[in-house]
Amino acid sequence: KHILTIEDPIEFLIRDRKSIITQRELGVDATTYSAALKSALRQDPDIIMIGEMRDRETIETALTAAETGHLVLSTLHTLDAQETINRIVAVFDHHHQHQIRMQLAAVLKAVISQRLARRVDRSGFVPAVEILISNARIREMIEDREKTKYISQAIEEGQVSWGMQSFDQSLMELLEKRLITFEEALSLSSNPEDFKVRFSGVDAMDGKKWAAEAALSISALRKTGRTCRKWKSKCSLTSKNAGPKTRKNRRQSPTMTTPTRLNPESTHSFHQR
């Protein structure tokens, strides 16, 4: 494979072993990321690594390179996967954003975000990682502006089936392994209040199976509801069938008295008889 990198500056020199690696540095080999990327497409690379997508021209060229069959890797200074998508779209004018959403949904494979959390023993840091993997649901949310805000929810729900995970799920896993403290996890959480509630066990969900156990709980509640409705209907049928026997027993029992309201006319006719 031919791997081409565009960096500012080059931090590590990578030697060729199983692939051909070409490293380009801004200010020495090229003036801008966009100019270096355009020149890179003429060198027949298989993989292109862009140090940072800073402007509209670089992002547009990167999308074009991905559409032509190149694997493009790059970085953005954003908080999470949902913010990454919003940042890429917001660079372009309003009348171009729909086209960019369609392009991005077609070529995007994954978004990986990380936050560094301090270890319990203060010996260093451990990464909390959010992983978004493109599928049909994610592509639909990227294309539709109104559905983009639900990407974070889709990430949490896709952990079991697609291997995705949110920052809160990653932090919960680090807490279970006792690598970080609760205070550190709470300071890095995307939703501190929800994270505190989930950690306390109110939702009865652990860090790995929030969405799966939620679905099972809802299914169990629905089954319980159907059982209760069946039980109520059975009880009502039993009470209806038992009604005449109860009244019959009341008439035959000499010790059971039922208070009734007597009509004065009927009482008068009884005395006359």
# chains A, B, ... in the order shown; residues from 1 in each chain; ligands from 1

call {"tool": "closest_atom_pairs", "arguments": {"of": "range 39-156 of chain A", "to": "range 180-185 of chain A", "cutoff": "7 Å", "atoms": "only C-alpha atoms", "output": "JSON lines"}}
result
{"residue": "A:Ala117", "atom": "CA", "partner": "A:Glu184", "partner_atom": "CA", "distance": 6.7}
{"residue": "A:Arg118", "atom": "CA", "partner": "A:Ile180", "partner_atom": "CA", "distance": 6.5}
{"residue": "A:Arg119", "atom": "CA", "partner": "A:Ile180", "partner_atom": "CA", "distance": 4.9}
{"residue": "A:Val120", "atom": "CA", "partner": "A:Ile180", "partner_atom": "CA", "distance": 4.8}

call {"tool": "write_last_selection", "arguments": {"atoms": "N, CA and C atoms", "output": "PDB file, in the first residue's frame"}}
result
ATOM      1  N   ALA A 117      -8.676  10.845  30.823  1.00  0.00           N
ATOM      2  CA  ALA A 117      -9.080  10.852  32.228  1.00  0.00           C
ATOM      3  C   ALA A 117      -7.886  10.475  33.098  1.00  0.00           C
ATOM      4  N   ARG A 118      -7.730  11.164  34.196  1.00  0.00           N
ATOM      5  CA  ARG A 118      -6.607  10.879  35.092  1.00  0.00           C
ATOM      6  C   ARG A 118      -6.859   9.590  35.868  1.00  0.00           C
ATOM      7  N   ARG A 119      -5.825   8.781  35.969  1.00  0.00           N
ATOM      8  CA  ARG A 119      -5.936   7.510  36.679  1.00  0.00           C
ATOM      9  C   ARG A 119      -6.141   7.727  38.183  1.00  0.00           C
ATOM     10  N   VAL A 120      -6.608   6.666  38.855  1.00  0.00           N
ATOM     11  CA  VAL A 120      -6.850   6.746  40.295  1.00  0.00           C
ATOM     12  C   VAL A 120      -5.557   7.028  41.047  1.00  0.00           C
TER      13      VAL A 120
END

call {"tool": "select_by_dssp", "arguments": {"residues": "range 116-150 of chain A", "states": "strand (DSSP E)", "output": "list in words"}}
result
Leu116, Ala117, Arg118, Phe125, Val126, Pro127, Ala128, Val129, Glu130, Ile131, Leu132 and Ile133 of chain A

call {"tool": "residues_around", "arguments": {"residues": "range 94-101 of chain A", "least_positions_apart": "5", "cutoff": "12 Å", "atoms": "only C-alpha atoms", "output": "ChimeraX atom specification"}}
result
/A:56,59-64,85-89,106-108,138-145,148

call {"tool": "write_last_selection", "arguments": {"atoms": "C-alpha atoms", "output": "CSV table (one decimal), in the first residue's frame"}}
result
chain,number,residue,atom,x,y,z
A,56,ARG,CA,-13.6,24.5,3.7
A,59,ILE,CA,-12.7,19.3,3.8
A,60,GLU,CA,-14.2,19.5,0.3
A,61,THR,CA,-11.0,17.9,-1.2
A,62,ALA,CA,-11.0,15.2,1.5
A,63,LEU,CA,-14.6,14.3,0.7
A,64,THR,CA,-13.8,14.1,-3.0
A,85,ILE,CA,-20.7,16.1,11.8
A,86,ASN,CA,-22.2,19.5,12.7
A,87,ARG,CA,-18.8,21.2,12.3
A,88,ILE,CA,-18.1,19.7,8.9
A,89,VAL,CA,-21.5,20.7,7.6
A,106,ALA,CA,-22.1,8.2,1.6
A,107,VAL,CA,-18.3,8.2,2.5
A,108,LEU,CA,-18.2,8.3,6.3
A,138,ILE,CA,-26.6,6.9,11.1
A,139,ARG,CA,-26.5,7.7,7.4
A,140,GLU,CA,-30.2,8.7,7.6
A,141,MET,CA,-29.5,11.0,10.6
A,142,ILE,CA,-26.6,12.7,8.8
A,143,GLU,CA,-28.7,13.3,5.7
A,144,ASP,CA,-31.7,14.7,7.6
A,145,ARG,CA,-30.9,17.9,9.6
A,148,THR,CA,-28.8,14.7,13.5

call {"tool": "closest_residue", "arguments": {"among": "A:Arg24, A:Arg178, A:Leu171, A:Lys1", "to": "Pro192 in chain A", "atoms": "only C-alpha atoms"}}
result
A:Leu171

call {"tool": "select_by_dssp", "arguments": {"residues": "range 37-194 of chain A", "states": "helix (DSSP H, G or I)", "output": "ChimeraX atom specification"}}
result
/A:37-43,56-67,81-90,94-107,136-143,148-157,159-162,167-176,182-188,192-194

call {"tool": "residues_around", "arguments": {"residues": "Ser39 in chain A", "least_positions_apart": "3", "cutoff": "12 Å", "atoms": "only C-alpha atoms", "output": "list of chain:residue names"}}
result
A:Leu4, A:Thr5, A:Ile6, A:Arg24, A:Asp29, A:Ala30, A:Thr31, A:Thr32, A:Tyr33, A:Ser34, A:Ala35, A:Ala36, A:Arg42, A:Gln43, A:Asp44, A:Pro45, A:Ile48, A:Thr61, A:Ala65

call {"tool": "closest_residue", "arguments": {"among": "A:Ser113, A:Ser200, A:Asn191, A:Gln103", "to": "Glu67 in chain A", "atoms": "only C-alpha atoms"}}
result
A:Gln103

call {"tool": "decode", "arguments": {"residues": "range 128-158 of chain A", "atoms": "N, CA, C and O atoms", "output": "mmCIF file, in the first residue's frame"}}
result
data_model
loop_
_atom_site.group_PDB
_atom_site.id
_atom_site.type_symbol
_atom_site.label_atom_id
_atom_site.label_comp_id
_atom_site.auth_asym_id
_atom_site.auth_seq_id
_atom_site.Cartn_x
_atom_site.Cartn_y
_atom_site.Cartn_z
ATOM 1 N N ALA A 128 -10.919 7.838 27.502
ATOM 2 C CA ALA A 128 -12.331 7.484 27.363
ATOM 3 C C ALA A 128 -12.704 7.736 25.907
ATOM 4 O O ALA A 128 -12.497 8.838 25.389
ATOM 5 N N VAL A 129 -13.225 6.732 25.240
ATOM 6 C CA VAL A 129 -13.378 6.769 23.787
ATOM 7 C C VAL A 129 -14.849 6.652 23.404
ATOM 8 O O VAL A 129 -15.571 5.801 23.918
ATOM 9 N N GLU A 130 -15.274 7.543 22.498
ATOM 10 C CA GLU A 130 -16.590 7.441 21.875
ATOM 11 C C GLU A 130 -16.394 6.952 20.441
ATOM 12 O O GLU A 130 -15.553 7.473 19.716
ATOM 13 N N ILE A 131 -17.174 5.940 20.047
ATOM 14 C CA ILE A 131 -17.022 5.319 18.727
ATOM 15 C C ILE A 131 -18.360 5.375 17.987
ATOM 16 O O ILE A 131 -19.368 4.879 18.496
ATOM 17 N N LEU A 132 -18.356 5.983 16.829
ATOM 18 C CA LEU A 132 -19.506 5.974 15.927
ATOM 19 C C LEU A 132 -19.121 5.177 14.686
ATOM 20 O O LEU A 132 -18.089 5.437 14.075
ATOM 21 N N ILE A 133 -19.943 4.200 14.333
ATOM 22 C CA ILE A 133 -19.746 3.398 13.132
ATOM 23 C C ILE A 133 -20.937 3.627 12.211
ATOM 24 O O ILE A 133 -22.086 3.515 12.631
ATOM 25 N N SER A 134 -20.645 3.939 10.966
ATOM 26 C CA SER A 134 -21.707 4.280 10.024
ATOM 27 C C SER A 134 -22.548 3.055 9.678
ATOM 28 O O SER A 134 -22.023 1.980 9.390
ATOM 29 N N ASN A 135 -23.854 3.219 9.748
ATOM 30 C CA ASN A 135 -24.806 2.216 9.282
ATOM 31 C C ASN A 135 -25.996 2.947 8.660
ATOM 32 O O ASN A 135 -25.973 4.167 8.504
ATOM 33 N N ALA A 136 -27.013 2.210 8.307
ATOM 34 C CA ALA A 136 -28.158 2.830 7.619
ATOM 35 C C ALA A 136 -28.830 3.883 8.485
ATOM 36 O O ALA A 136 -29.228 4.953 7.993
ATOM 37 N N ARG A 137 -28.943 3.622 9.777
ATOM 38 C CA ARG A 137 -29.594 4.575 10.676
ATOM 39 C C ARG A 137 -28.758 5.843 10.816
ATOM 40 O O ARG A 137 -29.299 6.961 10.784
ATOM 41 N N ILE A 138 -27.449 5.694 10.981
ATOM 42 C CA ILE A 138 -26.570 6.851 11.114
ATOM 43 C C ILE A 138 -26.564 7.668 9.827
ATOM 44 O O ILE A 138 -26.592 8.907 9.855
ATOM 45 N N ARG A 139 -26.536 6.995 8.678
ATOM 46 C CA ARG A 139 -26.548 7.722 7.401
ATOM 47 C C ARG A 139 -27.827 8.541 7.250
ATOM 48 O O ARG A 139 -27.790 9.671 6.753
ATOM 49 N N GLU A 140 -28.935 7.985 7.665
ATOM 50 C CA GLU A 140 -30.205 8.733 7.589
ATOM 51 C C GLU A 140 -30.172 9.954 8.494
ATOM 52 O O GLU A 140 -30.681 11.021 8.142
ATOM 53 N N MET A 141 -29.564 9.828 9.676
ATOM 54 C CA MET A 141 -29.481 10.951 10.601
ATOM 55 C C MET A 141 -28.538 12.033 10.094
ATOM 56 O O MET A 141 -28.732 13.218 10.373
ATOM 57 N N ILE A 142 -27.512 11.654 9.353
ATOM 58 C CA ILE A 142 -26.609 12.657 8.780
ATOM 59 C C ILE A 142 -27.298 13.414 7.652
ATOM 60 O O ILE A 142 -27.168 14.635 7.537
ATOM 61 N N GLU A 143 -28.041 12.703 6.824
ATOM 62 C CA GLU A 143 -28.711 13.338 5.690
ATOM 63 C C GLU A 143 -29.820 14.282 6.136
ATOM 64 O O GLU A 143 -30.029 15.339 5.540
ATOM 65 N N ASP A 144 -30.561 13.902 7.169
ATOM 66 C CA ASP A 144 -31.690 14.701 7.647
ATOM 67 C C ASP A 144 -31.223 15.613 8.780
ATOM 68 O O ASP A 144 -30.777 15.146 9.837
ATOM 69 N N ARG A 145 -31.314 16.902 8.565
ATOM 70 C CA ARG A 145 -30.858 17.864 9.563
ATOM 71 C C ARG A 145 -31.635 17.761 10.868
ATOM 72 O O ARG A 145 -31.076 17.967 11.951
ATOM 73 N N GLU A 146 -32.907 17.428 10.782
ATOM 74 C CA GLU A 146 -33.740 17.337 11.978
ATOM 75 C C GLU A 146 -33.415 16.105 12.828
ATOM 76 O O GLU A 146 -33.725 16.081 14.024
ATOM 77 N N LYS A 147 -32.807 15.098 12.230
ATOM 78 C CA LYS A 147 -32.505 13.858 12.960
ATOM 79 C C LYS A 147 -31.068 13.791 13.457
ATOM 80 O O LYS A 147 -30.722 12.852 14.186
ATOM 81 N N THR A 148 -30.235 14.754 13.078
ATOM 82 C CA THR A 148 -28.824 14.717 13.477
ATOM 83 C C THR A 148 -28.665 14.767 14.991
ATOM 84 O O THR A 148 -27.725 14.190 15.546
ATOM 85 N N LYS A 149 -29.574 15.427 15.673
ATOM 86 C CA LYS A 149 -29.468 15.560 17.130
ATOM 87 C C LYS A 149 -29.679 14.241 17.860
ATOM 88 O O LYS A 149 -29.397 14.141 19.070
ATOM 89 N N TYR A 150 -30.170 13.209 17.168
ATOM 90 C CA TYR A 150 -30.389 11.906 17.804
ATOM 91 C C TYR A 150 -29.215 10.946 17.596
ATOM 92 O O TYR A 150 -29.323 9.760 17.921
ATOM 93 N N ILE A 151 -28.094 11.429 17.067
ATOM 94 C CA ILE A 151 -26.946 10.555 16.822
ATOM 95 C C ILE A 151 -26.393 10.007 18.135
ATOM 96 O O ILE A 151 -26.015 8.833 18.222
ATOM 97 N N SER A 152 -26.329 10.831 19.164
ATOM 98 C CA SER A 152 -25.811 10.361 20.460
ATOM 99 C C SER A 152 -26.643 9.214 21.011
ATOM 100 O O SER A 152 -26.107 8.243 21.559
ATOM 101 N N GLN A 153 -27.957 9.302 20.856
ATOM 102 C CA GLN A 153 -28.833 8.225 21.306
ATOM 103 C C GLN A 153 -28.599 6.954 20.481
ATOM 104 O O GLN A 153 -28.574 5.842 21.014
ATOM 105 N N ALA A 154 -28.405 7.123 19.171
ATOM 106 C CA ALA A 154 -28.154 5.964 18.308
ATOM 107 C C ALA A 154 -26.838 5.279 18.658
ATOM 108 O O ALA A 154 -26.712 4.052 18.545
ATOM 109 N N ILE A 155 -25.846 6.057 19.089
ATOM 110 C CA ILE A 155 -24.558 5.474 19.486
ATOM 111 C C ILE A 155 -24.743 4.575 20.705
ATOM 112 O O ILE A 155 -24.229 3.455 20.766
ATOM 113 N N GLU A 156 -25.486 5.051 21.707
ATOM 114 C CA GLU A 156 -25.705 4.245 22.908
ATOM 115 C C GLU A 156 -26.477 2.970 22.586
ATOM 116 O O GLU A 156 -26.172 1.890 23.098
ATOM 117 N N GLU A 157 -27.488 3.086 21.743
ATOM 118 C CA GLU A 157 -28.314 1.931 21.428
ATOM 119 C C GLU A 157 -27.618 0.944 20.496
ATOM 120 O O GLU A 157 -28.049 -0.201 20.390
ATOM 121 N N GLY A 158 -26.549 1.369 19.819
ATOM 122 C CA GLY A 158 -25.865 0.488 18.880
ATOM 123 C C GLY A 158 -24.646 -0.198 19.450
ATOM 124 O O GLY A 158 -23.836 -0.725 18.684
#
